[in-house]
Structure formats: C-alpha cells, structure tokens
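Visitor: Below is the structure I would like to discuss, written out as structure tokens.
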Amino acid sequence: MATLPDEKAALRKLARGRRAKVSAERAAVAATELAAVLSHSVPIPLAMTVAGYWPIGSEIDVRPALQALFDRGHDLALPVVIGRGRPLVFRAWQPGDVLVASVFGTYAPRSESPQIVPHALLVPALAVDGQGHRLGYGGGYYDRILAQLREGEAFQPLAIAVCFACQLVQAVPHDGDDQQVDWVVTENGAQRVS
C-alpha cells in the first residue's frame with residue numbers, strides 16, 4: 001500500500017509531465033487568458049492587497065494577471081522564502097520594481113521593500129482538485145503561511161490556486177497539514193471551492 005508521501009510524489013511526477021507538454025506559445029496565450037479569467041470571475045475587492053509569485057520553470061505565468069490587478073488599483077506583494085520550514089513573508093512590489101534572485105530560481109523584492117500581510121494570495125499549484133486540495137512542490141511554504149494567516153488575522157485570506165487546466169485532477173492526496181484553497185483558476189475558468 002502506498003504511503004501519502006509516495007502518492008504525492010507520484011502525482012507531482014504526473015503533474016510536471018502534463019505541464020511540460022504545454023508549448024511556450026500555448027503558455028503565453030494561457031497567461032493572458034488566466035489574467036482575463038481572474039479579472040472577470042474572481043471577486044477581489046479593491047481594498048485587498050494581492051500576493052502573487054514570480055513564475056519558475058514551466059509554471060503558468062501570473063505576471064499578466066498581476067499587471068491587470070495593479071492597473072485596477074490593487075496593492076501587490078511577492079513572497080520571500082526566509083528559511084526552510086518557515087512560513088513565507090511578503091514584501092510590497094509593483095510592476096517595474098527591481099527584484100533580486102531568490103531561492104528555487106525565482107525572484108523576490110529587495111529587503112528594503114516593506115513587509116506586508118496580503119488579503120488574497122495567488123498560489124502556484126502542480127495539481128489541484130475540485131475540493132480545493134492543492135499539491136505544491138513539497139516544501140510546505142504556502143501551507144504554513146495560509147495556516148498562520150487563517151489562525152492569526154482578523155480576516156480570512158482568499159487563497160486562489162492557479163495552474164494550467166491540464167493540471168486539474170480528480171483528487172489530490174492530502175492530510176491535516178495541507179491547506180485548502182478557496183478558488184481554483186486556470187486559463188479555462190474559475191471555480192469557487194469553499
């Protein structure tokens with residue numbers, strides 16, 4: 001019988017394989033489509049600060065969505081990894097700001113950028129199901145920060161998993177440490193799941 005870590009590892013391999021088959025041309029179109037879906041289908045009040053991420057590898061590119069959110073008037077932030085096993089922190093960012101190289105091949109705001117608490121988070125997903133269970137890379141960074149925000153803040157953050165439609169699956173193996181998302185958004189549409 002497979003253990004939970006084995007099931008997650010197998011699904012990560014499958015999801016990476018699916019994502020790798022998305023051509024560069026299709027990925028560029030999907031990034032624009034994702035921005036439109038997010039803008040038209042997910043109600044994010046203007047008062048909310050939105051945390052995005054800088055895409056790595058073949059992740060769906062959320063930069064067009066971040067630009068659209070910025071153009072609408074949202075304050076933005078990007079995540080910063082401060083250490084293995086620790087929650088992410090978020091620093092203020094807007095299109096055009098200089099970024100610095102960070103871990104895992106991504107980029108982050110400079111250390112002098114103010115640290116902020118986001119109200120909504122665009123969360124990268126390797127795989128996600130219709131119940132809001134999301135599979136990431138295995139570091140637990142987003143699970144830890146979502147648990148911290150959901151426990152300690154007066155508001156409940158809006159967690160929005162973003163990925164290519166080919167990364168949607170029937171079921172993601174999960175346990176009590178895995179945080180569910182509120183929305184699943186792909187280039188093909190958006191689904192509220194909680």
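Every chain in the structure tokens takes a letter, A first, then B, and so on in the order presented; its residues are numbered from 1, and the ligands are numbered from 1 following the presented order.
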Skip Leu88 in chain A itself and residues of its chain fewer than 6 positions away, then list as number ranges by chain all residues within 9 Å of it, counting only C-alpha atoms.
Guide: A: 79-82, 141-142, 144-145
Visitor: Give me the residues near range 98-112 of chain A as a list of chain:residue names, where near means some atom within 7 Å (using only C-alpha atoms) and where sequence neighbours in that chain fewer than 3 positions away do not count.
Guide: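 That gives A:Trp54, A:Pro55, A:Ile56, A:Leu78, A:Pro79, A:Val80, A:Arg91, A:Trp93.
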Visitor: Can I get the selection written as a PDB file, in the first residue's frame, with N, CA and C atoms?
Guide:
ATOM      1  N   TRP A  54       6.598  35.037  -8.568  1.00  0.00           N
ATOM      2  CA  TRP A  54       7.371  35.135  -9.799  1.00  0.00           C
ATOM      3  C   TRP A  54       7.516  33.712 -10.331  1.00  0.00           C
ATOM      4  N   PRO A  55       7.003  33.429 -11.539  1.00  0.00           N
ATOM      5  CA  PRO A  55       6.971  32.049 -12.010  1.00  0.00           C
ATOM      6  C   PRO A  55       8.364  31.471 -12.231  1.00  0.00           C
ATOM      7  N   ILE A  56       8.469  30.181 -11.968  1.00  0.00           N
ATOM      8  CA  ILE A  56       9.721  29.459 -12.216  1.00  0.00           C
ATOM      9  C   ILE A  56       9.438  28.303 -13.169  1.00  0.00           C
ATOM     10  N   LEU A  78       5.008  40.129  -3.347  1.00  0.00           N
ATOM     11  CA  LEU A  78       5.597  38.864  -3.781  1.00  0.00           C
ATOM     12  C   LEU A  78       6.178  38.161  -2.562  1.00  0.00           C
ATOM     13  N   PRO A  79       6.229  36.819  -2.612  1.00  0.00           N
ATOM     14  CA  PRO A  79       6.730  36.071  -1.462  1.00  0.00           C
ATOM     15  C   PRO A  79       8.257  36.080  -1.368  1.00  0.00           C
ATOM     16  N   VAL A  80       8.716  35.929  -0.136  1.00  0.00           N
ATOM     17  CA  VAL A  80      10.141  35.798   0.144  1.00  0.00           C
ATOM     18  C   VAL A  80      10.306  34.587   1.055  1.00  0.00           C
ATOM     19  N   ARG A  91       6.600  40.893   0.614  1.00  0.00           N
ATOM     20  CA  ARG A  91       7.105  42.256   0.531  1.00  0.00           C
ATOM     21  C   ARG A  91       6.390  42.986  -0.606  1.00  0.00           C
ATOM     22  N   TRP A  93       5.444  45.020  -3.767  1.00  0.00           N
ATOM     23  CA  TRP A  93       6.013  45.001  -5.113  1.00  0.00           C
ATOM     24  C   TRP A  93       5.009  45.604  -6.082  1.00  0.00           C
TER      25      TRP A  93
END
Visitor: What does the distance from CA of His40 in chain A to CA of Val162 in chain A come to in Å, to one decimal?
Guide: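 If I compute the distance from CA of His40 in chain A to CA of Val162 in chain A, I get 14.8 Å.
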Visitor: Please, which residues of range 88-138 of chain A, numbered as in this document, come out strand (DSSP E or B) from DSSP, as a PDB file with C-alpha atoms, in the first residue's frame?
Guide:
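This went into result_7.pdb:
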ATOM      1  CA  VAL A  89       6.815  36.552   4.208  1.00  0.00           C
ATOM      2  CA  PHE A  90       5.520  39.004   1.637  1.00  0.00           C
ATOM      3  CA  ARG A  91       7.105  42.256   0.531  1.00  0.00           C
ATOM      4  CA  ALA A  92       5.456  45.085  -1.368  1.00  0.00           C
ATOM      5  CA  TRP A  93       6.013  45.001  -5.113  1.00  0.00           C
ATOM      6  CA  LEU A  99      13.868  42.211  -7.978  1.00  0.00           C
ATOM      7  CA  VAL A 100      16.709  40.125  -6.571  1.00  0.00           C
ATOM      8  CA  ALA A 101      17.498  36.499  -7.263  1.00  0.00           C
ATOM      9  CA  TYR A 107      12.937  36.440  -7.820  1.00  0.00           C
ATOM     10  CA  ALA A 108      11.794  38.498  -4.834  1.00  0.00           C
ATOM     11  CA  PRO A 109      11.538  42.141  -3.787  1.00  0.00           C
ATOM     12  CA  GLN A 115       6.786  43.600   4.592  1.00  0.00           C
ATOM     13  CA  ILE A 116       3.000  43.345   4.288  1.00  0.00           C
ATOM     14  CA  ALA A 120      -5.523  37.435  -1.242  1.00  0.00           C
ATOM     15  CA  LEU A 121      -2.848  35.037  -2.464  1.00  0.00           C
ATOM     16  CA  LEU A 122      -2.272  33.594  -5.917  1.00  0.00           C
ATOM     17  CA  VAL A 123      -0.898  30.175  -5.027  1.00  0.00           C
ATOM     18  CA  PRO A 124       1.032  28.121  -7.588  1.00  0.00           C
ATOM     19  CA  ALA A 127      -2.063  19.813  -9.227  1.00  0.00           C
ATOM     20  CA  VAL A 128      -5.374  20.820  -7.712  1.00  0.00           C
ATOM     21  CA  ARG A 134      -3.608  21.632  -3.822  1.00  0.00           C
ATOM     22  CA  LEU A 135      -0.304  19.914  -4.439  1.00  0.00           C
TER      23      LEU A 135
END
Visitor: Using DSSP on the backbone, list every residue of range 10-94 of chain A that comes out as helix (DSSP H, G or I), and give them as a ChimeraX atom specification.
Guide: /A:10-20,24-41,63-72
Visitor: From the options A:His174, A:Arg12, A:His119, A:Lys21, which residue's atoms come nearest to Leu146 in chain A, counting only C-alpha atoms?
Guide: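 With only C-alpha atoms as the atom set, the closest residue is A:His119.
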Visitor: Residues at most 12 Å from Ser39 in chain A, counting only C-alpha atoms, excluding those fewer than 2 positions away in the same chain, as an mmCIF file with N, CA and C atoms, in the first residue's frame?
Guide:
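Contents of the output file selection-v1.cif:
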data_model
loop_
_atom_site.group_PDB
_atom_site.id
_atom_site.type_symbol
_atom_site.label_atom_id
_atom_site.label_comp_id
_atom_site.auth_asym_id
_atom_site.auth_seq_id
_atom_site.Cartn_x
_atom_site.Cartn_y
_atom_site.Cartn_z
ATOM 1 N N THR A 32 -2.310 35.106 -20.623
ATOM 2 C CA THR A 32 -3.239 36.202 -20.910
ATOM 3 C C THR A 32 -4.673 35.783 -20.581
ATOM 4 N N GLU A 33 -5.033 34.554 -20.937
ATOM 5 C CA GLU A 33 -6.377 34.048 -20.643
ATOM 6 C C GLU A 33 -6.605 33.956 -19.133
ATOM 7 N N LEU A 34 -5.592 33.505 -18.390
ATOM 8 C CA LEU A 34 -5.702 33.423 -16.937
ATOM 9 C C LEU A 34 -5.965 34.801 -16.340
ATOM 10 N N ALA A 35 -5.263 35.817 -16.842
ATOM 11 C CA ALA A 35 -5.463 37.181 -16.339
ATOM 12 C C ALA A 35 -6.910 37.623 -16.555
ATOM 13 N N ALA A 36 -7.467 37.305 -17.716
ATOM 14 C CA ALA A 36 -8.854 37.686 -18.009
ATOM 15 C C ALA A 36 -9.833 36.935 -17.117
ATOM 16 N N VAL A 37 -9.613 35.633 -16.933
ATOM 17 C CA VAL A 37 -10.496 34.834 -16.073
ATOM 18 C C VAL A 37 -10.461 35.376 -14.647
ATOM 19 N N SER A 41 -13.883 36.756 -13.148
ATOM 20 C CA SER A 41 -14.607 35.688 -12.456
ATOM 21 C C SER A 41 -14.380 35.600 -10.951
ATOM 22 N N VAL A 42 -13.299 36.178 -10.459
ATOM 23 C CA VAL A 42 -12.990 36.079 -9.029
ATOM 24 C C VAL A 42 -13.165 37.457 -8.394
ATOM 25 N N PRO A 43 -14.144 37.592 -7.497
ATOM 26 C CA PRO A 43 -14.371 38.908 -6.878
ATOM 27 C C PRO A 43 -13.299 39.218 -5.825
ATOM 28 N N ILE A 44 -12.376 40.086 -6.202
ATOM 29 C CA ILE A 44 -11.326 40.520 -5.282
ATOM 30 C C ILE A 44 -11.549 42.013 -5.041
ATOM 31 N N PRO A 45 -12.072 42.383 -3.867
ATOM 32 C CA PRO A 45 -12.323 43.802 -3.600
ATOM 33 C C PRO A 45 -11.055 44.643 -3.739
ATOM 34 N N LEU A 46 -11.222 45.874 -4.209
ATOM 35 C CA LEU A 46 -10.074 46.748 -4.447
ATOM 36 C C LEU A 46 -9.250 46.995 -3.197
ATOM 37 N N VAL A 62 1.839 34.285 -14.018
ATOM 38 C CA VAL A 62 0.803 35.154 -13.448
ATOM 39 C C VAL A 62 1.135 36.638 -13.596
ATOM 40 N N PRO A 64 0.944 38.695 -16.203
ATOM 41 C CA PRO A 64 -0.139 39.490 -16.812
ATOM 42 C C PRO A 64 -1.306 39.712 -15.841
ATOM 43 N N ALA A 65 -1.610 38.720 -15.019
ATOM 44 C CA ALA A 65 -2.680 38.882 -14.021
ATOM 45 C C ALA A 65 -2.282 39.915 -12.977
ATOM 46 N N LEU A 66 -1.034 39.899 -12.552
ATOM 47 C CA LEU A 66 -0.572 40.884 -11.571
ATOM 48 C C LEU A 66 -0.619 42.293 -12.158
ATOM 49 N N GLN A 67 -0.237 42.413 -13.427
ATOM 50 C CA GLN A 67 -0.306 43.724 -14.079
ATOM 51 C C GLN A 67 -1.748 44.219 -14.124
ATOM 52 N N ALA A 68 -2.688 43.313 -14.472
ATOM 53 C CA ALA A 68 -4.108 43.694 -14.529
ATOM 54 C C ALA A 68 -4.618 44.113 -13.152
ATOM 55 N N LEU A 69 -4.222 43.392 -12.115
ATOM 56 C CA LEU A 69 -4.636 43.742 -10.752
ATOM 57 C C LEU A 69 -4.059 45.093 -10.350
ATOM 58 N N PHE A 70 -2.807 45.329 -10.692
ATOM 59 C CA PHE A 70 -2.172 46.617 -10.398
ATOM 60 C C PHE A 70 -2.889 47.746 -11.136
ATOM 61 N N ASP A 71 -3.219 47.517 -12.407
ATOM 62 C CA ASP A 71 -3.911 48.531 -13.199
ATOM 63 C C ASP A 71 -5.288 48.860 -12.623
ATOM 64 N N ARG A 72 -5.914 47.863 -11.963
ATOM 65 C CA ARG A 72 -7.216 48.085 -11.311
ATOM 66 C C ARG A 72 -7.078 48.855 -10.010
ATOM 67 N N HIS A 74 -5.028 47.558 -7.205
ATOM 68 C CA HIS A 74 -4.621 46.722 -6.079
ATOM 69 C C HIS A 74 -3.166 46.973 -5.702
ATOM 70 N N VAL A 185 -8.275 28.561 -10.329
ATOM 71 C CA VAL A 185 -8.347 29.355 -11.553
ATOM 72 C C VAL A 185 -7.339 28.814 -12.559
ATOM 73 N N GLU A 187 -6.633 28.883 -17.159
ATOM 74 C CA GLU A 187 -6.914 29.672 -18.353
ATOM 75 C C GLU A 187 -8.318 29.416 -18.896
ATOM 76 N N GLY A 189 -11.138 28.834 -16.861
ATOM 77 C CA GLY A 189 -12.231 29.247 -15.993
ATOM 78 C C GLY A 189 -11.843 29.269 -14.530
ATOM 79 N N ALA A 190 -12.821 29.643 -13.709
ATOM 80 C CA ALA A 190 -12.612 29.742 -12.267
ATOM 81 C C ALA A 190 -13.715 28.983 -11.547
#
Visitor: So how far away is CA of Gln180 in chain A from CA of Phe164 in chain A, in Å?
Guide: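 Going from CA of Phe164 in chain A over to CA of Gln180 in chain A covers 18.0 Å.
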Visitor: Between CA of Val117 in chain A and CA of Phe155 in chain A, what is the spacing in Å?
Guide: 10.7 Å
Visitor: Using only C-alpha atoms for the distances, tell me which of A:Arg63, A:Gly140, A:Gly96, A:Gln167 is nearest to Ala20 in chain A.
Guide: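 Going through A:Arg63, A:Gly140, A:Gly96, A:Gln167 one by one, the smallest distance to Ala20 in chain A is for A:Gln167.
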Visitor: Nearest to Gly130 in chain A: which of A:Cys163, A:Val172, A:Leu14, A:Leu149 is it, counting only C-alpha atoms?
Guide: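 Among A:Cys163, A:Val172, A:Leu14, A:Leu149, it is A:Val172 that comes nearest to Gly130 in chain A.
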Visitor: Give me, as a ChimeraX atom specification, all polymer residues having an atom no more than 12 Å from Arg16 in chain A, counting only C-alpha atoms and skipping those fewer than 6 positions away in the same chain.
Guide: /A:9-10,22,57-60,125-127,135-137,163-164,166-168
Visitor: Restricted to N, CA, C and O atoms, what would the selected residues look like written as a PDB file, in the first residue's frame?
Guide:
ATOM      1  N   ALA A   9       4.298  12.101  -4.345  1.00  0.00           N
ATOM      2  CA  ALA A   9       5.429  12.070  -5.276  1.00  0.00           C
ATOM      3  C   ALA A   9       4.986  11.604  -6.660  1.00  0.00           C
ATOM      4  O   ALA A   9       5.403  12.172  -7.682  1.00  0.00           O
ATOM      5  N   ALA A  10       4.131  10.603  -6.707  1.00  0.00           N
ATOM      6  CA  ALA A  10       3.639  10.108  -7.993  1.00  0.00           C
ATOM      7  C   ALA A  10       2.808  11.173  -8.704  1.00  0.00           C
ATOM      8  O   ALA A  10       2.937  11.360  -9.922  1.00  0.00           O
ATOM      9  N   VAL A  22       2.958  21.586 -22.251  1.00  0.00           N
ATOM     10  CA  VAL A  22       2.375  22.849 -22.701  1.00  0.00           C
ATOM     11  C   VAL A  22       3.456  23.614 -23.464  1.00  0.00           C
ATOM     12  O   VAL A  22       4.511  23.918 -22.913  1.00  0.00           O
ATOM     13  N   GLY A  57      10.430  27.994 -13.970  1.00  0.00           N
ATOM     14  CA  GLY A  57      10.300  26.869 -14.882  1.00  0.00           C
ATOM     15  C   GLY A  57       9.087  27.015 -15.782  1.00  0.00           C
ATOM     16  O   GLY A  57       8.841  28.065 -16.379  1.00  0.00           O
ATOM     17  N   SER A  58       8.283  25.966 -15.814  1.00  0.00           N
ATOM     18  CA  SER A  58       7.121  25.940 -16.710  1.00  0.00           C
ATOM     19  C   SER A  58       5.815  26.277 -15.993  1.00  0.00           C
ATOM     20  O   SER A  58       4.733  25.976 -16.493  1.00  0.00           O
ATOM     21  N   GLU A  59       5.894  26.921 -14.811  1.00  0.00           N
ATOM     22  CA  GLU A  59       4.671  27.361 -14.121  1.00  0.00           C
ATOM     23  C   GLU A  59       3.889  28.331 -14.994  1.00  0.00           C
ATOM     24  O   GLU A  59       4.477  29.086 -15.769  1.00  0.00           O
ATOM     25  N   ILE A  60       2.577  28.351 -14.809  1.00  0.00           N
ATOM     26  CA  ILE A  60       1.781  29.342 -15.521  1.00  0.00           C
ATOM     27  C   ILE A  60       2.222  30.730 -15.068  1.00  0.00           C
ATOM     28  O   ILE A  60       2.488  30.964 -13.879  1.00  0.00           O
ATOM     29  N   ALA A 125       0.256  25.912  -8.186  1.00  0.00           N
ATOM     30  CA  ALA A 125      -0.123  24.522  -7.919  1.00  0.00           C
ATOM     31  C   ALA A 125       0.449  23.620  -8.997  1.00  0.00           C
ATOM     32  O   ALA A 125       0.397  23.942 -10.180  1.00  0.00           O
ATOM     33  N   LEU A 126       0.994  22.502  -8.571  1.00  0.00           N
ATOM     34  CA  LEU A 126       1.351  21.448  -9.523  1.00  0.00           C
ATOM     35  C   LEU A 126       0.106  20.680  -9.935  1.00  0.00           C
ATOM     36  O   LEU A 126      -0.044  20.271 -11.078  1.00  0.00           O
ATOM     37  N   ALA A 127      -0.784  20.477  -8.978  1.00  0.00           N
ATOM     38  CA  ALA A 127      -2.063  19.813  -9.227  1.00  0.00           C
ATOM     39  C   ALA A 127      -3.058  20.350  -8.215  1.00  0.00           C
ATOM     40  O   ALA A 127      -2.685  20.741  -7.112  1.00  0.00           O
ATOM     41  N   LEU A 135      -1.613  20.546  -4.582  1.00  0.00           N
ATOM     42  CA  LEU A 135      -0.304  19.914  -4.439  1.00  0.00           C
ATOM     43  C   LEU A 135       0.750  20.893  -4.921  1.00  0.00           C
ATOM     44  O   LEU A 135       0.685  21.384  -6.049  1.00  0.00           O
ATOM     45  N   GLY A 136       1.698  21.202  -4.035  1.00  0.00           N
ATOM     46  CA  GLY A 136       2.817  22.057  -4.403  1.00  0.00           C
ATOM     47  C   GLY A 136       4.067  21.221  -4.589  1.00  0.00           C
ATOM     48  O   GLY A 136       4.000  20.026  -4.878  1.00  0.00           O
ATOM     49  N   TYR A 137       5.213  21.847  -4.375  1.00  0.00           N
ATOM     50  CA  TYR A 137       6.485  21.171  -4.604  1.00  0.00           C
ATOM     51  C   TYR A 137       6.960  20.352  -3.407  1.00  0.00           C
ATOM     52  O   TYR A 137       7.953  19.654  -3.498  1.00  0.00           O
ATOM     53  N   CYS A 163      -3.115  27.459 -12.064  1.00  0.00           N
ATOM     54  CA  CYS A 163      -2.358  26.467 -12.811  1.00  0.00           C
ATOM     55  C   CYS A 163      -2.973  26.346 -14.198  1.00  0.00           C
ATOM     56  O   CYS A 163      -4.014  26.936 -14.484  1.00  0.00           O
ATOM     57  N   PHE A 164      -2.325  25.578 -15.058  1.00  0.00           N
ATOM     58  CA  PHE A 164      -2.905  25.248 -16.359  1.00  0.00           C
ATOM     59  C   PHE A 164      -4.056  24.268 -16.147  1.00  0.00           C
ATOM     60  O   PHE A 164      -4.043  23.468 -15.199  1.00  0.00           O
ATOM     61  N   CYS A 166      -4.639  21.608 -17.628  1.00  0.00           N
ATOM     62  CA  CYS A 166      -4.163  20.223 -17.686  1.00  0.00           C
ATOM     63  C   CYS A 166      -3.667  19.718 -16.336  1.00  0.00           C
ATOM     64  O   CYS A 166      -3.421  18.516 -16.170  1.00  0.00           O
ATOM     65  N   GLN A 167      -3.533  20.606 -15.360  1.00  0.00           N
ATOM     66  CA  GLN A 167      -3.067  20.217 -14.035  1.00  0.00           C
ATOM     67  C   GLN A 167      -4.206  19.939 -13.060  1.00  0.00           C
ATOM     68  O   GLN A 167      -3.961  19.584 -11.913  1.00  0.00           O
ATOM     69  N   LEU A 168      -5.437  20.080 -13.529  1.00  0.00           N
ATOM     70  CA  LEU A 168      -6.587  19.715 -12.694  1.00  0.00           C
ATOM     71  C   LEU A 168      -6.682  18.205 -12.629  1.00  0.00           C
ATOM     72  O   LEU A 168      -6.517  17.513 -13.638  1.00  0.00           O
TER      73      LEU A 168
END
